[in-house]
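Below is the file model-v7.txt, which contains compact mmCIF, N, CA and C atoms.
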```txt
# COMPACT_ATOMS: atom_id res chain seq x y z
N MET A 152 116.09 83.36 187.66
CA MET A 152 117.08 84.40 187.63
C MET A 152 117.24 84.93 189.08
N ASN A 153 118.48 85.03 189.51
CA ASN A 153 118.70 85.48 190.89
C ASN A 153 118.50 87.00 190.99
N ARG A 154 118.49 87.47 192.22
CA ARG A 154 118.17 88.87 192.53
C ARG A 154 119.13 89.85 191.86
N THR A 155 120.42 89.57 191.93
CA THR A 155 121.43 90.46 191.37
C THR A 155 121.33 90.52 189.85
N ARG A 156 121.14 89.39 189.23
CA ARG A 156 121.03 89.34 187.77
C ARG A 156 119.76 90.05 187.30
N PHE A 157 118.66 89.88 188.06
CA PHE A 157 117.41 90.56 187.72
C PHE A 157 117.59 92.08 187.80
N LYS A 158 118.27 92.55 188.83
CA LYS A 158 118.53 93.98 189.00
C LYS A 158 119.38 94.50 187.85
N ARG A 159 120.38 93.75 187.48
CA ARG A 159 121.27 94.18 186.39
C ARG A 159 120.53 94.22 185.06
N ARG A 160 119.63 93.30 184.87
CA ARG A 160 118.88 93.22 183.61
C ARG A 160 117.80 94.30 183.49
N THR A 161 117.05 94.53 184.60
CA THR A 161 115.89 95.43 184.53
C THR A 161 116.12 96.79 185.16
N GLY A 162 117.06 96.89 186.08
CA GLY A 162 117.31 98.15 186.77
C GLY A 162 116.59 98.27 188.09
N ILE A 163 115.77 97.28 188.43
CA ILE A 163 115.06 97.28 189.72
C ILE A 163 115.16 95.89 190.35
N TYR A 164 114.93 95.82 191.65
CA TYR A 164 114.95 94.54 192.35
C TYR A 164 113.61 93.81 192.15
N PRO A 165 113.59 92.50 192.30
CA PRO A 165 112.36 91.74 192.13
C PRO A 165 111.22 92.20 193.04
N GLU A 166 111.57 92.65 194.24
CA GLU A 166 110.54 93.12 195.19
C GLU A 166 109.84 94.36 194.62
N THR A 167 110.61 95.27 194.06
CA THR A 167 110.04 96.48 193.45
C THR A 167 109.21 96.11 192.23
N PHE A 168 109.68 95.15 191.47
CA PHE A 168 108.92 94.68 190.31
C PHE A 168 107.56 94.16 190.75
N ALA A 169 107.53 93.38 191.83
CA ALA A 169 106.27 92.83 192.33
C ALA A 169 105.31 93.96 192.76
N LEU A 170 105.84 95.00 193.40
CA LEU A 170 105.00 96.13 193.81
C LEU A 170 104.45 96.86 192.59
N MET A 171 105.30 97.06 191.58
CA MET A 171 104.85 97.73 190.35
C MET A 171 103.79 96.90 189.64
N GLU A 172 104.00 95.60 189.61
CA GLU A 172 103.03 94.72 188.96
C GLU A 172 101.70 94.75 189.69
N ALA A 173 101.73 94.82 191.01
CA ALA A 173 100.49 94.90 191.79
C ALA A 173 99.72 96.17 191.46
N VAL A 174 100.43 97.29 191.29
CA VAL A 174 99.78 98.55 190.91
C VAL A 174 99.12 98.40 189.55
N LEU A 175 99.81 97.78 188.60
CA LEU A 175 99.25 97.61 187.26
C LEU A 175 98.06 96.65 187.26
N ILE A 176 98.13 95.61 188.05
CA ILE A 176 97.01 94.66 188.14
C ILE A 176 95.81 95.35 188.76
N GLU A 177 96.04 96.17 189.76
CA GLU A 177 94.93 96.91 190.39
C GLU A 177 94.28 97.85 189.38
N ARG A 178 95.10 98.49 188.54
CA ARG A 178 94.57 99.36 187.49
C ARG A 178 93.73 98.56 186.51
N GLU A 179 94.21 97.40 186.11
CA GLU A 179 93.48 96.56 185.15
C GLU A 179 92.15 96.08 185.72
N ASP A 180 92.15 95.75 187.02
CA ASP A 180 90.93 95.27 187.65
C ASP A 180 89.86 96.36 187.71
N GLY A 181 90.29 97.62 187.74
CA GLY A 181 89.35 98.73 187.80
C GLY A 181 88.78 99.12 186.45
N LYS A 182 89.33 98.58 185.37
CA LYS A 182 88.88 98.92 184.03
C LYS A 182 87.65 98.10 183.64
N LYS A 183 86.85 98.71 182.77
CA LYS A 183 85.75 97.97 182.19
C LYS A 183 86.31 97.15 181.03
N LYS A 184 86.06 95.87 181.02
CA LYS A 184 86.64 94.97 180.02
C LYS A 184 85.77 94.93 178.76
N THR A 185 86.31 95.48 177.68
CA THR A 185 85.65 95.37 176.38
C THR A 185 86.72 95.13 175.33
N GLY A 186 86.34 94.57 174.22
CA GLY A 186 87.27 94.38 173.12
C GLY A 186 88.19 93.19 173.30
N ARG A 187 89.29 93.24 172.56
CA ARG A 187 90.25 92.15 172.56
C ARG A 187 91.09 92.15 173.83
N ARG A 188 91.63 91.00 174.12
CA ARG A 188 92.59 90.89 175.22
C ARG A 188 93.90 91.55 174.82
N ALA A 189 94.65 91.98 175.81
CA ALA A 189 95.95 92.58 175.55
C ALA A 189 96.89 91.53 174.97
N ALA A 190 97.76 91.97 174.08
CA ALA A 190 98.71 91.05 173.45
C ALA A 190 99.75 90.57 174.45
N LEU A 191 100.04 91.38 175.46
CA LEU A 191 101.05 91.05 176.47
C LEU A 191 100.41 91.02 177.85
N THR A 192 100.90 90.15 178.70
CA THR A 192 100.42 90.11 180.07
C THR A 192 100.91 91.34 180.83
N THR A 193 100.39 91.54 182.02
CA THR A 193 100.79 92.69 182.82
C THR A 193 102.28 92.66 183.12
N ALA A 194 102.81 91.51 183.47
CA ALA A 194 104.24 91.38 183.76
C ALA A 194 105.08 91.67 182.51
N GLU A 195 104.61 91.20 181.36
CA GLU A 195 105.34 91.46 180.11
C GLU A 195 105.30 92.95 179.76
N GLN A 196 104.18 93.60 180.01
CA GLN A 196 104.07 95.04 179.76
C GLN A 196 105.06 95.81 180.62
N LEU A 197 105.16 95.41 181.88
CA LEU A 197 106.10 96.08 182.78
C LEU A 197 107.54 95.83 182.35
N LEU A 198 107.86 94.59 181.99
CA LEU A 198 109.22 94.28 181.51
C LEU A 198 109.55 95.06 180.24
N LEU A 199 108.60 95.18 179.34
CA LEU A 199 108.79 95.94 178.12
C LEU A 199 109.10 97.40 178.43
N THR A 200 108.35 97.97 179.36
CA THR A 200 108.56 99.37 179.76
C THR A 200 109.92 99.55 180.42
N LEU A 201 110.29 98.62 181.29
CA LEU A 201 111.60 98.71 181.94
C LEU A 201 112.73 98.57 180.92
N GLU A 202 112.53 97.71 179.95
CA GLU A 202 113.54 97.52 178.91
C GLU A 202 113.69 98.79 178.08
N PHE A 203 112.57 99.44 177.78
CA PHE A 203 112.63 100.69 177.03
C PHE A 203 113.37 101.76 177.84
N GLY A 204 113.05 101.89 179.10
CA GLY A 204 113.69 102.89 179.93
C GLY A 204 115.16 102.61 180.18
N ARG A 205 115.51 101.37 180.25
CA ARG A 205 116.89 100.99 180.55
C ARG A 205 117.80 101.10 179.33
N GLU A 206 117.30 100.69 178.17
CA GLU A 206 118.14 100.58 176.99
C GLU A 206 117.88 101.65 175.94
N TYR A 207 116.77 102.36 176.02
CA TYR A 207 116.39 103.37 175.03
C TYR A 207 116.41 102.84 173.61
N ARG A 208 115.89 101.65 173.45
CA ARG A 208 115.77 101.09 172.11
C ARG A 208 114.53 101.68 171.44
N THR A 209 114.47 101.61 170.13
CA THR A 209 113.31 102.16 169.43
C THR A 209 112.10 101.26 169.64
N PHE A 210 110.92 101.85 169.47
CA PHE A 210 109.69 101.08 169.59
C PHE A 210 109.64 99.97 168.55
N ALA A 211 110.19 100.24 167.38
CA ALA A 211 110.20 99.22 166.32
C ALA A 211 111.04 98.01 166.73
N HIS A 212 112.21 98.24 167.30
CA HIS A 212 113.06 97.12 167.74
C HIS A 212 112.41 96.35 168.87
N LEU A 213 111.83 97.06 169.82
CA LEU A 213 111.15 96.37 170.92
C LEU A 213 109.96 95.57 170.40
N GLY A 214 109.22 96.16 169.46
CA GLY A 214 108.08 95.45 168.88
C GLY A 214 108.50 94.17 168.19
N ASP A 215 109.61 94.22 167.48
CA ASP A 215 110.12 93.01 166.82
C ASP A 215 110.48 91.94 167.84
N ASP A 216 111.13 92.34 168.92
CA ASP A 216 111.53 91.36 169.94
C ASP A 216 110.33 90.77 170.68
N TRP A 217 109.32 91.57 170.94
CA TRP A 217 108.16 91.12 171.72
C TRP A 217 107.03 90.59 170.85
N GLY A 218 107.15 90.74 169.54
CA GLY A 218 106.12 90.19 168.64
C GLY A 218 104.86 91.04 168.56
N VAL A 219 104.98 92.35 168.76
CA VAL A 219 103.85 93.26 168.65
C VAL A 219 104.25 94.44 167.77
N HIS A 220 103.29 95.22 167.35
CA HIS A 220 103.55 96.37 166.50
C HIS A 220 104.15 97.50 167.33
N GLU A 221 104.91 98.37 166.68
CA GLU A 221 105.56 99.45 167.41
C GLU A 221 104.56 100.41 168.05
N THR A 222 103.38 100.56 167.46
CA THR A 222 102.35 101.40 168.06
C THR A 222 101.86 100.78 169.37
N THR A 223 101.76 99.46 169.40
CA THR A 223 101.37 98.77 170.63
C THR A 223 102.42 98.99 171.70
N VAL A 224 103.67 98.95 171.32
CA VAL A 224 104.76 99.20 172.28
C VAL A 224 104.64 100.61 172.85
N GLN A 225 104.40 101.58 171.99
CA GLN A 225 104.29 102.97 172.44
C GLN A 225 103.13 103.14 173.42
N ARG A 226 101.96 102.60 173.06
CA ARG A 226 100.80 102.71 173.95
C ARG A 226 101.04 102.00 175.27
N THR A 227 101.70 100.86 175.21
CA THR A 227 102.00 100.11 176.43
C THR A 227 102.93 100.89 177.34
N VAL A 228 104.00 101.41 176.80
CA VAL A 228 104.97 102.18 177.60
C VAL A 228 104.29 103.39 178.22
N GLU A 229 103.52 104.12 177.44
CA GLU A 229 102.84 105.31 177.95
C GLU A 229 101.84 104.95 179.04
N GLY A 230 101.10 103.86 178.84
CA GLY A 230 100.10 103.44 179.82
C GLY A 230 100.72 102.99 181.13
N VAL A 231 101.78 102.20 181.04
CA VAL A 231 102.46 101.71 182.24
C VAL A 231 103.08 102.87 183.01
N GLU A 232 103.76 103.76 182.29
CA GLU A 232 104.37 104.91 182.95
C GLU A 232 103.31 105.77 183.63
N ALA A 233 102.20 106.01 182.95
CA ALA A 233 101.12 106.83 183.52
C ALA A 233 100.54 106.19 184.78
N ALA A 234 100.36 104.87 184.74
CA ALA A 234 99.80 104.17 185.91
C ALA A 234 100.75 104.22 187.10
N LEU A 235 102.04 104.04 186.85
CA LEU A 235 103.02 104.07 187.93
C LEU A 235 103.17 105.48 188.52
N ILE A 236 103.12 106.48 187.66
CA ILE A 236 103.20 107.86 188.14
C ILE A 236 101.96 108.20 188.95
N ALA A 237 100.79 107.79 188.46
CA ALA A 237 99.54 108.09 189.14
C ALA A 237 99.45 107.41 190.51
N SER A 238 100.12 106.29 190.67
CA SER A 238 100.07 105.59 191.96
C SER A 238 100.83 106.34 193.05
N ARG A 239 101.77 107.20 192.65
CA ARG A 239 102.58 108.02 193.56
C ARG A 239 103.45 107.18 194.50
N GLN A 240 103.65 105.91 194.17
CA GLN A 240 104.50 105.05 194.98
C GLN A 240 105.92 104.98 194.44
N PHE A 241 106.08 105.31 193.17
CA PHE A 241 107.37 105.15 192.51
C PHE A 241 107.80 106.48 191.93
N ARG A 242 108.45 107.28 192.76
CA ARG A 242 108.86 108.61 192.34
C ARG A 242 110.31 108.82 192.68
N LEU A 243 110.97 109.53 191.83
CA LEU A 243 112.35 109.92 192.12
C LEU A 243 112.31 111.13 193.05
N PRO A 244 113.34 111.29 193.90
CA PRO A 244 113.35 112.46 194.76
C PRO A 244 113.42 113.75 193.93
N GLY A 245 112.81 114.79 194.45
CA GLY A 245 112.80 116.06 193.74
C GLY A 245 114.15 116.75 193.80
N LYS A 246 114.21 117.88 193.13
CA LYS A 246 115.44 118.63 193.04
C LYS A 246 115.91 119.13 194.41
N LYS A 247 114.97 119.47 195.28
CA LYS A 247 115.30 120.05 196.57
C LYS A 247 115.65 119.01 197.63
N SER A 248 115.45 117.74 197.35
CA SER A 248 115.71 116.69 198.34
C SER A 248 117.19 116.51 198.58
```
In structure tokens, write the structure found in this file.
Amino acid sequence: MNRTRFKRRTGIYPETFALMEAVLIEREDGKKKTGRRAALTTAEQLLLTLEFGREYRTFAHLGDDWGVHETTVQRTVEGVEAALIASRQFRLPGKKS
């Protein structure tokens, strides 16, 4: 997929996607690994979150498309958003800017 089509589909450029994915991978590497593996890869989790933010589809519809339960979608979106906010690299300008 070319750069323009990727931007139109996800709302961000591939370079920004790579930076976001690096933040998420760094977060995963810092976690203690116990239990089952995640149903979705880090890139898929980020794409799922971007799709939710871009289209505002319900968790149930996203879960059907991605093959996971809607609760998994909700936890994934919340986790990815929290990690990106905590990194302080991806912020919208404030009201006073």
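Atom CA of Thr200 of chain A is found 5.0 Å from atom CA of Val228 of chain A.
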If you run DSSP on the backbone here, which positions in chain A get helix (DSSP H, G or I)? Please write them as an MDAnalysis selection string. chainID A and resid 154:161 165:181 193:206 210:217 221:238
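Take the candidates A:Arg178, A:Lys247, A:Ala237, A:Phe157 and check each one against Leu198 of chain A using only C-alpha atoms; the shortest distance goes to A:Phe157.
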Go ahead and compute the interatomic distance for atom N of Ala173 of chain A and atom N of Leu197 of chain A, in Å to one decimal. 9.8 Å
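In this model, the gap between atom C of Leu213 of chain A and atom CA of Gly181 of chain A comes to 27.2 Å.
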From the options A:Lys246, A:Arg239, A:His220, A:Arg160, which residue's atoms come nearest to Arg205 of chain A, counting only N, CA and C atoms? A:Arg160
Return the single residue from A:Arg208, A:Gln240, A:Leu199, A:Lys183 that is closest to Thr227 of chain A, with distances computed using only N, CA and C atoms.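 Using only N, CA and C atoms, the shortest distance to Thr227 of chain A belongs to A:Leu199.
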Please list as a list in words every residue within 8 Å of Glu221 of chain A, counting all atoms listed in the file and excluding residues in the same chain fewer than 3 positions away.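 Returned residues: Thr209, Phe210, Ala211, His212, Leu213, Gly214, Asp215, Gly218, Val224, Gln225, Arg226 and Thr227 of chain A.
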Give, as JSON, the centre coordinates and the x, y and z edge lengths in Å to one decimal for an axis-aligned box around all listed atoms of segment 164-174 of chain A, padded by 6 Å on each side.
```
{"center_x": 107.0, "center_y": 95.1, "center_z": 192.1, "size_x": 27.8, "size_y": 18.8, "size_z": 18.2}
```
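Compared by their closest atoms to Ile163 of chain A, and using only C-alpha atoms, the residues A:Thr192, A:Leu201, A:Glu232, A:Asp180 rank with A:Leu201 nearest.
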